[in-house]
$ cat protein.cif   # mmCIF, C-alpha atoms
data_my_file
loop_
_atom_site.group_PDB
_atom_site.id
_atom_site.type_symbol
_atom_site.label_atom_id
_atom_site.label_comp_id
_atom_site.auth_asym_id
_atom_site.auth_seq_id
_atom_site.Cartn_x
_atom_site.Cartn_y
_atom_site.Cartn_z
ATOM 1 C CA MET D 214 124.197 81.704 120.022
ATOM 2 C CA SER D 215 125.063 82.143 116.371
ATOM 3 C CA SER D 216 123.074 80.361 113.686
ATOM 4 C CA ILE D 217 126.107 78.228 112.736
ATOM 5 C CA GLU D 218 126.627 77.175 116.360
ATOM 6 C CA SER D 219 122.970 76.335 116.881
ATOM 7 C CA SER D 220 122.867 74.210 113.751
ATOM 8 C CA ASN D 221 125.858 72.128 114.914
ATOM 9 C CA THR D 222 124.811 71.458 118.503
ATOM 10 C CA LEU D 223 121.682 70.321 120.247
ATOM 11 C CA ALA D 224 122.236 73.033 122.894
ATOM 12 C CA ILE D 225 120.354 70.995 125.482
ATOM 13 C CA PHE D 226 123.400 70.053 127.572
ATOM 14 C CA PRO D 227 125.331 72.293 129.975
ATOM 15 C CA ARG D 228 128.281 74.100 128.407
ATOM 16 C CA ARG D 229 130.766 72.219 130.646
ATOM 17 C CA TRP D 230 129.707 68.979 128.922
ATOM 18 C CA SER D 231 130.807 70.316 125.560
ATOM 19 C CA GLU D 232 133.796 68.822 123.725
ATOM 20 C CA LYS D 233 135.522 72.168 124.077
ATOM 21 C CA GLU D 234 135.429 72.041 127.872
ATOM 22 C CA ALA D 235 135.185 68.313 128.732
ATOM 23 C CA GLY D 236 137.420 66.917 125.979
ATOM 24 C CA ARG D 237 136.993 65.135 122.678
ATOM 25 C CA VAL D 238 134.301 62.469 122.227
ATOM 26 C CA PRO D 239 135.935 59.445 120.502
ATOM 27 C CA GLY D 240 133.833 58.287 117.539
ATOM 28 C CA ASN D 241 130.561 60.153 117.684
ATOM 29 C CA ILE D 242 127.699 60.919 120.078
ATOM 30 C CA PRO D 243 125.264 58.250 118.689
ATOM 31 C CA ILE D 244 127.739 55.409 119.286
ATOM 32 C CA TRP D 245 128.120 56.553 122.907
ATOM 33 C CA VAL D 246 124.337 56.534 123.341
ATOM 34 C CA GLY D 247 124.499 52.942 122.060
ATOM 35 C CA ILE D 248 127.446 52.038 124.316
ATOM 36 C CA LEU D 249 125.780 53.467 127.431
ATOM 37 C CA SER D 250 122.571 51.571 126.577
ATOM 38 C CA GLU D 251 124.575 48.345 126.218
ATOM 39 C CA LEU D 252 126.366 49.004 129.512
ATOM 40 C CA THR D 253 122.959 49.432 131.180
ATOM 41 C CA GLU D 254 121.732 46.177 129.631
ATOM 42 C CA PHE D 255 124.791 44.236 130.794
ATOM 43 C CA GLY D 256 124.584 46.031 134.150
ATOM 44 C CA ILE D 257 121.114 44.489 134.602
ATOM 45 C CA PHE D 258 122.545 41.046 133.728
ATOM 46 C CA PHE D 259 125.351 41.454 136.279
ATOM 47 C CA THR D 260 122.881 42.597 138.937
ATOM 48 C CA ALA D 261 120.694 39.555 138.143
ATOM 49 C CA TYR D 262 123.819 37.373 138.547
ATOM 50 C CA PHE D 263 124.560 38.751 142.020
ATOM 51 C CA ILE D 264 120.916 38.413 143.141
ATOM 52 C CA ALA D 265 120.746 34.821 141.846
ATOM 53 C CA LYS D 266 124.120 33.959 143.436
ATOM 54 C CA PHE D 267 122.923 35.357 146.766
ATOM 55 C CA ASN D 268 119.771 33.211 146.618
ATOM 56 C CA TYR D 269 121.339 30.006 145.234
ATOM 57 C CA PRO D 270 124.946 29.928 146.553
ATOM 58 C CA GLU D 271 125.408 26.134 146.165
ATOM 59 C CA VAL D 272 124.330 26.158 142.522
ATOM 60 C CA PHE D 273 126.698 29.045 141.754
ATOM 61 C CA ALA D 274 129.547 27.360 143.659
ATOM 62 C CA SER D 275 129.316 24.203 141.542
ATOM 63 C CA GLY D 276 128.289 25.884 138.260
ATOM 64 C CA PRO D 277 131.739 27.044 137.044
ATOM 65 C CA LEU D 278 133.102 23.509 137.562
ATOM 66 C CA SER D 279 130.654 22.241 134.925
ATOM 67 C CA LEU D 280 131.882 24.693 132.266
ATOM 68 C CA ASN D 281 134.713 24.209 129.785
ATOM 69 C CA THR D 282 137.245 26.642 131.315
ATOM 70 C CA THR D 283 139.792 26.107 128.519
ATOM 71 C CA ILE D 284 137.358 27.517 125.949
ATOM 72 C CA GLY D 285 136.551 30.414 128.294
ATOM 73 C CA VAL D 286 140.258 31.269 128.665
ATOM 74 C CA CYS D 287 140.855 30.955 124.896
ATOM 75 C CA ASN D 288 137.941 33.291 124.186
ATOM 76 C CA THR D 289 139.246 35.830 126.713
ATOM 77 C CA ILE D 290 142.691 35.801 125.065
ATOM 78 C CA ILE D 291 141.080 36.063 121.606
ATOM 79 C CA LEU D 292 138.996 39.104 122.621
ATOM 80 C CA LEU D 293 141.943 40.841 124.336
ATOM 81 C CA THR D 294 144.006 40.236 121.203
ATOM 82 C CA SER D 295 141.194 41.588 119.012
ATOM 83 C CA SER D 296 141.129 44.756 121.138
ATOM 84 C CA TYR D 297 144.886 45.095 120.641
ATOM 85 C CA PHE D 298 144.467 44.700 116.851
ATOM 86 C CA MET D 299 141.682 47.293 116.850
ATOM 87 C CA ALA D 300 143.876 49.755 118.765
ATOM 88 C CA LYS D 301 146.656 49.128 116.203
ATOM 89 C CA ALA D 302 144.186 49.761 113.350
ATOM 90 C CA MET D 303 143.342 53.122 114.956
ATOM 91 C CA SER D 304 146.990 54.111 115.382
ATOM 92 C CA ASN D 305 147.662 53.257 111.718
ATOM 93 C CA VAL D 306 144.730 55.225 110.320
ATOM 94 C CA ARG D 307 145.992 58.264 112.258
ATOM 95 C CA ARG D 308 149.308 57.930 110.414
ATOM 96 C CA ASP D 309 147.517 57.528 107.063
ATOM 97 C CA ASN D 310 148.905 54.006 106.885
ATOM 98 C CA LEU D 311 145.660 52.665 105.415
ATOM 99 C CA LYS D 312 147.035 49.319 104.192
ATOM 100 C CA LYS D 313 148.254 48.424 107.677
ATOM 101 C CA CYS D 314 145.009 49.702 109.167
ATOM 102 C CA GLU D 315 143.043 47.349 106.903
ATOM 103 C CA ARG D 316 145.309 44.439 107.809
ATOM 104 C CA PHE D 317 144.650 44.983 111.520
ATOM 105 C CA LEU D 318 140.898 45.262 110.887
ATOM 106 C CA TRP D 319 140.981 41.897 109.099
ATOM 107 C CA LEU D 320 142.890 40.410 112.046
ATOM 108 C CA THR D 321 140.211 41.772 114.398
ATOM 109 C CA PHE D 322 137.552 40.197 112.173
ATOM 110 C CA VAL D 323 139.377 36.846 112.267
ATOM 111 C CA CYS D 324 139.399 37.074 116.080
ATOM 112 C CA ALA D 325 135.632 37.758 116.051
ATOM 113 C CA CYS D 326 135.080 34.655 113.869
ATOM 114 C CA MET D 327 137.322 32.535 116.117
ATOM 115 C CA TYR D 328 135.360 33.706 119.161
ATOM 116 C CA LEU D 329 132.024 32.870 117.510
ATOM 117 C CA CYS D 330 133.240 29.413 116.410
ATOM 118 C CA LEU D 331 134.644 28.564 119.858
ATOM 119 C CA LYS D 332 131.493 29.815 121.578
ATOM 120 C CA THR D 333 129.303 27.726 119.255
ATOM 121 C CA TYR D 334 131.500 24.721 120.045
ATOM 122 C CA GLU D 335 131.137 25.486 123.767
ATOM 123 C CA PHE D 336 127.323 25.694 123.538
ATOM 124 C CA ASN D 337 127.353 22.354 121.716
ATOM 125 C CA TRP D 338 129.757 20.865 124.302
ATOM 126 C CA ASN D 339 127.378 21.967 127.088
ATOM 127 C CA ASP D 340 124.501 20.375 125.207
ATOM 128 C CA VAL D 341 126.387 17.074 124.921
ATOM 129 C CA GLN D 342 127.070 17.176 128.697
ATOM 130 C CA GLY D 343 123.322 17.630 129.209
ATOM 131 C CA TYR D 344 123.355 21.294 130.274
ATOM 132 C CA SER D 345 120.704 23.706 129.070
ATOM 133 C CA THR D 346 119.042 26.962 130.120
ATOM 134 C CA LYS D 347 116.740 24.943 132.363
ATOM 135 C CA THR D 348 119.441 22.899 134.159
ATOM 136 C CA ASN D 349 119.609 25.283 137.120
ATOM 137 C CA GLU D 350 119.756 28.993 137.980
ATOM 138 C CA PHE D 351 123.485 29.197 137.192
ATOM 139 C CA PHE D 352 122.979 27.929 133.654
ATOM 140 C CA THR D 353 120.002 30.240 133.114
ATOM 141 C CA VAL D 354 122.232 33.238 133.980
ATOM 142 C CA TYR D 355 125.151 31.740 132.003
ATOM 143 C CA TYR D 356 123.124 31.385 128.787
ATOM 144 C CA TYR D 357 121.416 34.739 129.292
ATOM 145 C CA MET D 358 124.758 36.554 129.559
ATOM 146 C CA THR D 359 126.919 34.624 127.130
ATOM 147 C CA PHE D 360 124.379 34.292 124.321
ATOM 148 C CA ASN D 361 123.681 38.012 124.528
ATOM 149 C CA HIS D 362 127.411 38.704 124.370
ATOM 150 C CA PHE D 363 127.695 36.254 121.449
ATOM 151 C CA LEU D 364 125.115 38.308 119.512
ATOM 152 C CA HIS D 365 127.059 41.523 120.212
ATOM 153 C CA VAL D 366 130.285 40.001 118.854
ATOM 154 C CA GLY D 367 128.321 38.775 115.809
ATOM 155 C CA TRP D 368 126.884 42.102 114.759
ATOM 156 C CA ALA D 369 130.062 44.030 115.651
ATOM 157 C CA GLY D 370 131.914 41.531 113.403
ATOM 158 C CA CYS D 371 129.563 42.500 110.559
ATOM 159 C CA ALA D 372 130.296 46.165 111.359
ATOM 160 C CA ILE D 373 134.032 45.445 110.961
ATOM 161 C CA LEU D 374 133.347 44.203 107.414
ATOM 162 C CA TRP D 375 131.379 47.404 106.694
ATOM 163 C CA VAL D 376 134.222 49.584 108.022
ATOM 164 C CA ILE D 377 136.764 47.663 105.889
ATOM 165 C CA PHE D 378 134.557 48.325 102.850
ATOM 166 C CA ARG D 379 134.389 52.049 103.748
ATOM 167 C CA LEU D 380 138.147 52.157 104.314
ATOM 168 C CA ARG D 381 138.803 50.590 100.898
ATOM 169 C CA SER D 382 136.467 53.084 99.243
ATOM 170 C CA GLY D 383 138.526 55.961 100.659
ATOM 171 C CA ALA D 384 136.109 57.165 103.345
ATOM 172 C CA TYR D 385 138.748 57.310 106.077
ATOM 173 C CA SER D 386 142.009 59.183 106.414
ATOM 174 C CA SER D 387 144.189 60.577 109.186
ATOM 175 C CA LYS D 388 141.925 63.643 109.246
ATOM 176 C CA GLU D 389 138.499 61.967 109.109
ATOM 177 C CA HIS D 390 137.982 58.534 110.622
ATOM 178 C CA SER D 391 135.147 59.042 113.113
ATOM 179 C CA GLY D 392 133.208 56.043 111.719
ATOM 180 C CA LEU D 393 136.179 53.740 112.271
ATOM 181 C CA GLU D 394 136.751 55.198 115.732
ATOM 182 C CA ALA D 395 133.068 54.652 116.611
ATOM 183 C CA LEU D 396 133.439 50.959 115.740
ATOM 184 C CA ALA D 397 136.696 50.780 117.729
ATOM 185 C CA VAL D 398 135.134 52.112 120.965
ATOM 186 C CA TYR D 399 132.123 49.799 120.491
ATOM 187 C CA TRP D 400 134.436 46.815 119.987
ATOM 188 C CA HIS D 401 136.395 47.671 123.144
ATOM 189 C CA MET D 402 133.093 47.893 125.051
ATOM 190 C CA ILE D 403 132.310 44.311 123.969
ATOM 191 C CA ASP D 404 135.751 43.227 125.197
ATOM 192 C CA LEU D 405 135.147 45.046 128.498
ATOM 193 C CA MET D 406 131.902 43.156 129.044
ATOM 194 C CA TRP D 407 133.686 39.838 128.527
ATOM 195 C CA ILE D 408 136.375 40.922 131.018
ATOM 196 C CA LEU D 409 133.565 41.015 133.611
ATOM 197 C CA ILE D 410 131.642 37.947 132.377
ATOM 198 C CA PHE D 411 134.660 35.610 132.354
ATOM 199 C CA PRO D 412 135.528 35.683 136.091
ATOM 200 C CA LEU D 413 131.865 35.749 137.150
ATOM 201 C CA LEU D 414 130.965 32.579 135.246
ATOM 202 C CA TYR D 415 134.221 30.638 134.865
ATOM 203 C CA VAL D 416 136.485 31.563 137.776
ATOM 204 C CA LEU D 417 134.605 32.598 140.920
ATOM 205 C CA ARG D 418 132.773 29.949 142.918
ATOM 206 C CA MET C 1214 163.372 46.429 113.744
ATOM 207 C CA LYS C 1215 159.777 46.410 115.005
ATOM 208 C CA ARG C 1216 159.175 48.530 118.102
ATOM 209 C CA PHE C 1217 157.700 46.777 121.129
ATOM 210 C CA GLY C 1218 155.544 49.617 122.401
ATOM 211 C CA LYS C 1219 153.382 50.367 125.416
ATOM 212 C CA LEU C 1220 150.320 48.807 123.774
ATOM 213 C CA GLU C 1221 152.121 45.462 123.366
ATOM 214 C CA TYR C 1222 153.144 45.450 127.035
ATOM 215 C CA TYR C 1223 149.553 46.152 128.115
ATOM 216 C CA TRP C 1224 148.253 43.394 125.832
ATOM 217 C CA LEU C 1225 150.709 40.835 127.264
ATOM 218 C CA GLY C 1226 149.956 42.056 130.794
ATOM 219 C CA LEU C 1227 146.218 41.556 130.277
ATOM 220 C CA ILE C 1228 146.767 38.013 128.984
ATOM 221 C CA ALA C 1229 149.074 37.235 131.933
ATOM 222 C CA ILE C 1230 146.413 38.492 134.387
ATOM 223 C CA THR C 1231 143.760 36.334 132.668
ATOM 224 C CA LEU C 1232 145.945 33.237 133.020
ATOM 225 C CA PHE C 1233 146.749 34.127 136.631
ATOM 226 C CA ASN C 1234 143.029 34.511 137.460
ATOM 227 C CA THR C 1235 142.260 31.169 135.842
ATOM 228 C CA PHE C 1236 145.091 29.541 137.784
ATOM 229 C CA LEU C 1237 143.632 30.947 141.032
ATOM 230 C CA GLY C 1238 140.128 29.748 140.140
ATOM 231 C CA GLU C 1239 141.265 26.267 139.148
ATOM 232 C CA ASN C 1240 143.738 25.555 141.935
ATOM 233 C CA PHE C 1241 142.363 27.247 145.019
ATOM 234 C CA GLU C 1242 139.093 27.143 146.884
ATOM 235 C CA SER C 1243 137.101 30.315 146.309
ATOM 236 C CA THR C 1244 138.149 32.026 149.538
ATOM 237 C CA ALA C 1245 137.639 35.714 150.256
ATOM 238 C CA VAL C 1246 141.314 36.396 149.440
ATOM 239 C CA VAL C 1247 141.046 34.738 146.014
ATOM 240 C CA THR C 1248 137.776 36.544 145.248
ATOM 241 C CA ILE C 1249 139.205 39.941 146.250
ATOM 242 C CA LEU C 1250 142.359 39.297 144.212
ATOM 243 C CA VAL C 1251 140.295 38.357 141.145
ATOM 244 C CA ALA C 1252 138.033 41.407 141.607
ATOM 245 C CA LEU C 1253 141.018 43.780 141.843
ATOM 246 C CA THR C 1254 142.671 42.315 138.744
ATOM 247 C CA VAL C 1255 139.368 42.557 136.826
ATOM 248 C CA MET C 1256 139.168 46.217 137.869
ATOM 249 C CA TYR C 1257 142.735 46.784 136.662
ATOM 250 C CA LYS C 1258 142.062 45.019 133.329
ATOM 251 C CA GLY C 1259 138.996 47.177 132.751
ATOM 252 C CA LEU C 1260 140.850 50.395 133.536
ATOM 253 C CA VAL C 1261 143.720 49.465 131.186
ATOM 254 C CA VAL C 1262 141.312 48.766 128.293
ATOM 255 C CA ILE C 1263 139.371 51.996 128.996
ATOM 256 C CA ASP C 1264 142.466 54.209 129.148
ATOM 257 C CA HIS C 1265 144.846 52.645 126.645
ATOM 258 C CA PHE C 1266 142.825 50.596 124.127
ATOM 259 C CA MET C 1267 139.650 52.692 124.121
ATOM 260 C CA GLU C 1268 141.909 55.749 124.479
ATOM 261 C CA LEU C 1269 139.660 57.578 126.927
ATOM 262 C CA LYS C 1270 142.696 58.855 128.826
ATOM 263 C CA GLY C 1271 142.849 62.428 127.624
ATOM 264 C CA ALA C 1272 139.453 62.210 125.889
ATOM 265 C CA ASN C 1273 136.088 63.433 127.199
ATOM 266 C CA ARG C 1274 136.375 63.367 130.993
ATOM 267 C CA PHE C 1275 132.683 62.569 131.617
ATOM 268 C CA LEU C 1276 132.809 59.497 129.379
ATOM 269 C CA ARG C 1277 136.007 58.378 131.096
ATOM 270 C CA ILE C 1278 134.469 58.884 134.552
ATOM 271 C CA MET C 1279 131.348 56.899 133.535
ATOM 272 C CA MET C 1280 133.356 54.001 132.101
ATOM 273 C CA ARG C 1281 135.759 53.894 135.047
ATOM 274 C CA THR C 1282 132.868 54.078 137.545
ATOM 275 C CA TYR C 1283 131.370 50.982 135.884
ATOM 276 C CA PHE C 1284 134.639 49.145 136.510
ATOM 277 C CA PHE C 1285 134.687 50.240 140.136
ATOM 278 C CA ILE C 1286 131.049 49.276 140.817
ATOM 279 C CA PHE C 1287 130.949 45.700 139.499
ATOM 280 C CA PRO C 1288 134.320 44.484 140.836
ATOM 281 C CA SER C 1289 133.277 46.079 144.167
ATOM 282 C CA LEU C 1290 130.086 43.989 144.041
ATOM 283 C CA ILE C 1291 132.278 40.887 143.580
ATOM 284 C CA ILE C 1292 134.162 41.847 146.758
ATOM 285 C CA LEU C 1293 130.889 42.641 148.523
ATOM 286 C CA SER C 1294 129.521 39.210 147.563
ATOM 287 C CA THR C 1295 132.210 37.560 149.732
ATOM 288 C CA LEU C 1296 130.543 39.069 152.808
ATOM 289 C CA PHE C 1297 127.260 37.226 152.262
#

$ encode --input "protein.cif" --output "structure tokens"
Amino acid sequence: MSSIESSNTLAIFPRRWSEKEAGRVPGNIPIWVGILSELTEFGIFFTAYFIAKFNYPEVFASGPLSLNTTIGVCNTIILLTSSYFMAKAMSNVRRDNLKKCERFLWLTFVCACMYLCLKTYEFNWNDVQGYSTKTNEFFTVYYYMTFNHFLHVGWAGCAILWVIFRLRSGAYSSKEHSGLEALAVYWHMIDLMWILIFPLLYVLR
Amino acid sequence: MKRFGKLEYYWLGLIAITLFNTFLGENFESTAVVTILVALTVMYKGLVVIDHFMELKGANRFLRIMMRTYFFIFPSLIILSTLF
């Protein structure tokens, strides 16, 4: 291995895992370490959901009926739309259309804020109805999953602001936009987790 | 005139599936058929986001396999949960 090659790679993975043989890694390696850690974390939550549902079927059959489904649906549509805006931001940065890219990033940020506001309203609505983490096993799992997801949307929203700042300061172009792409794949991961959370908590009984 | 591309169709499709799932959940008892239908549509939604929004189609094949496997495992657990 040449000195240049060894300085650019960790050389601890098999060659067939390399970008050259397996294909391009969108964003960068660190963000994928983060994404896979998050997927593991949410995987544990989903497993906990199935175990709890197996042990307390009646509570999980009546649980979704107590939730505000309208807010759940609105939040799903908002997150899907935010993913669409993020994908549009990526396609525009590739065409060096930086103004349009920024506009789509702002739209994604607005979606993140709308999600956070609606979710806060939903938590308050639950509180008014008398539901809390201690109501029953369904609500314990519900708060565990949704509050965790809420935090992810919150800090990814802050990351959108950081990426907009970097975009405005000329850090990204059609040739170099790995930072923006890293945020995009992370944002889509958050959307993916909600795609699973929504039917588990709001639809299936 | 603005082009209505593939991404827009996927976005509208995903929203339509979400509304369809909600309609099923709200109007029908949670039978095995409803649960399986919801699980399959969740799987489809996940695969669309992974391939077309996350753009893993054509990217690193190991990352794509890992992400897609995730969206086979958990919807399969939803289907499996109807048996117990």

$ atom_distance --input "protein.cif" --atom1 "CA of Leu278 in chain D" --atom2 "CA of Leu1232 in chain C"
16.7 Å

$ resolve_selection --input "protein.cif" --expression "the PyMOL selection byres ((chain C and resi 1293) around 12)" --output "JSON, numbers by chain"
{"D": [263, 267], "C": [1245, 1248, 1249, 1252, 1285, 1286, 1287, 1288, 1289, 1290, 1291, 1292, 1294, 1295, 1296, 1297]}

$ interface_residues --input "protein.cif" --of "chain D" --to "chain C" --cutoff "6 Å" --atoms "all atoms listed in the file" --output "mmCIF file with C-alpha atoms, keeping the file's coordinate frame"
data_model
loop_
_atom_site.group_PDB
_atom_site.id
_atom_site.type_symbol
_atom_site.label_atom_id
_atom_site.label_comp_id
_atom_site.auth_asym_id
_atom_site.auth_seq_id
_atom_site.Cartn_x
_atom_site.Cartn_y
_atom_site.Cartn_z
ATOM 1 C CA ALA D 235 135.185 68.313 128.732
ATOM 2 C CA GLY D 236 137.420 66.917 125.979
ATOM 3 C CA ARG D 237 136.993 65.135 122.678
ATOM 4 C CA VAL D 238 134.301 62.469 122.227
ATOM 5 C CA ALA D 300 143.876 49.755 118.765
ATOM 6 C CA VAL D 398 135.134 52.112 120.965
ATOM 7 C CA VAL D 416 136.485 31.563 137.776
ATOM 8 C CA ARG D 418 132.773 29.949 142.918
#

$ residues_around --input "protein.cif" --residues "Gly240 in chain D" --least-positions-apart "5" --cutoff "7 Å" --atoms "all atoms listed in the file" --output "tab-separated table (two decimals) with C-alpha atoms, in the coordinates of the input"
chain	number	residue	atom	x	y	z
D	391	SER	CA	135.15	59.04	113.11
D	392	GLY	CA	133.21	56.04	111.72
D	394	GLU	CA	136.75	55.20	115.73
D	395	ALA	CA	133.07	54.65	116.61

$ atom_distance --input "protein.cif" --atom1 "CA of Asn339 in chain D" --atom2 "CA of His362 in chain D"
17.0 Å

$ resolve_selection --input "protein.cif" --expression "the PyMOL selection byres ((chain D and resi 317) around 8)" --output "PyMOL selection string"
chain D and resi 298-299+301-302+313-316+318-321

$ atom_distance --input "protein.cif" --atom1 "CA of Leu380 in chain D" --atom2 "CA of Leu311 in chain D"
7.6 Å

$ closest_residue --input "protein.cif" --among "D:Ile377, D:Ser295, D:Lys388, D:Tyr334" --to "Asp309 in chain D" --atoms "all atoms listed in the file"
D:Lys388

$ build_atoms --input "protein.cif" --residues "range 291-305 of chain D" --atoms "N, CA and C atoms" --output "PDB file, keeping the file's coordinate frame"
ATOM      1  N   ILE D 291     141.451  35.641 122.971  1.00  0.00           N
ATOM      2  CA  ILE D 291     141.080  36.063 121.606  1.00  0.00           C
ATOM      3  C   ILE D 291     140.494  37.482 121.631  1.00  0.00           C
ATOM      4  N   LEU D 292     139.615  37.766 122.580  1.00  0.00           N
ATOM      5  CA  LEU D 292     138.996  39.104 122.621  1.00  0.00           C
ATOM      6  C   LEU D 292     140.007  40.184 123.016  1.00  0.00           C
ATOM      7  N   LEU D 293     140.909  39.863 123.962  1.00  0.00           N
ATOM      8  CA  LEU D 293     141.943  40.841 124.336  1.00  0.00           C
ATOM      9  C   LEU D 293     142.842  41.132 123.139  1.00  0.00           C
ATOM     10  N   THR D 294     143.165  40.072 122.389  1.00  0.00           N
ATOM     11  CA  THR D 294     144.006  40.236 121.203  1.00  0.00           C
ATOM     12  C   THR D 294     143.279  41.060 120.140  1.00  0.00           C
ATOM     13  N   SER D 295     141.972  40.816 119.997  1.00  0.00           N
ATOM     14  CA  SER D 295     141.194  41.588 119.012  1.00  0.00           C
ATOM     15  C   SER D 295     141.170  43.078 119.391  1.00  0.00           C
ATOM     16  N   SER D 296     141.105  43.358 120.684  1.00  0.00           N
ATOM     17  CA  SER D 296     141.129  44.756 121.138  1.00  0.00           C
ATOM     18  C   SER D 296     142.475  45.396 120.807  1.00  0.00           C
ATOM     19  N   TYR D 297     143.538  44.606 120.976  1.00  0.00           N
ATOM     20  CA  TYR D 297     144.886  45.095 120.641  1.00  0.00           C
ATOM     21  C   TYR D 297     144.975  45.404 119.139  1.00  0.00           C
ATOM     22  N   PHE D 298     144.447  44.483 118.314  1.00  0.00           N
ATOM     23  CA  PHE D 298     144.467  44.700 116.851  1.00  0.00           C
ATOM     24  C   PHE D 298     143.661  45.943 116.481  1.00  0.00           C
ATOM     25  N   MET D 299     142.521  46.130 117.141  1.00  0.00           N
ATOM     26  CA  MET D 299     141.682  47.293 116.850  1.00  0.00           C
ATOM     27  C   MET D 299     142.419  48.592 117.205  1.00  0.00           C
ATOM     28  N   ALA D 300     143.106  48.572 118.355  1.00  0.00           N
ATOM     29  CA  ALA D 300     143.876  49.755 118.765  1.00  0.00           C
ATOM     30  C   ALA D 300     144.994  50.029 117.753  1.00  0.00           C
ATOM     31  N   LYS D 301     145.604  48.964 117.220  1.00  0.00           N
ATOM     32  CA  LYS D 301     146.656  49.128 116.203  1.00  0.00           C
ATOM     33  C   LYS D 301     146.063  49.685 114.906  1.00  0.00           C
ATOM     34  N   ALA D 302     144.855  49.232 114.555  1.00  0.00           N
ATOM     35  CA  ALA D 302     144.186  49.761 113.350  1.00  0.00           C
ATOM     36  C   ALA D 302     143.975  51.265 113.506  1.00  0.00           C
ATOM     37  N   MET D 303     143.559  51.688 114.696  1.00  0.00           N
ATOM     38  CA  MET D 303     143.342  53.122 114.956  1.00  0.00           C
ATOM     39  C   MET D 303     144.649  53.902 114.852  1.00  0.00           C
ATOM     40  N   SER D 304     145.727  53.358 115.429  1.00  0.00           N
ATOM     41  CA  SER D 304     146.990  54.111 115.382  1.00  0.00           C
ATOM     42  C   SER D 304     147.504  54.222 113.949  1.00  0.00           C
ATOM     43  N   ASN D 305     147.211  53.207 113.117  1.00  0.00           N
ATOM     44  CA  ASN D 305     147.662  53.257 111.718  1.00  0.00           C
ATOM     45  C   ASN D 305     146.837  54.210 110.861  1.00  0.00           C
TER      46      ASN D 305
END
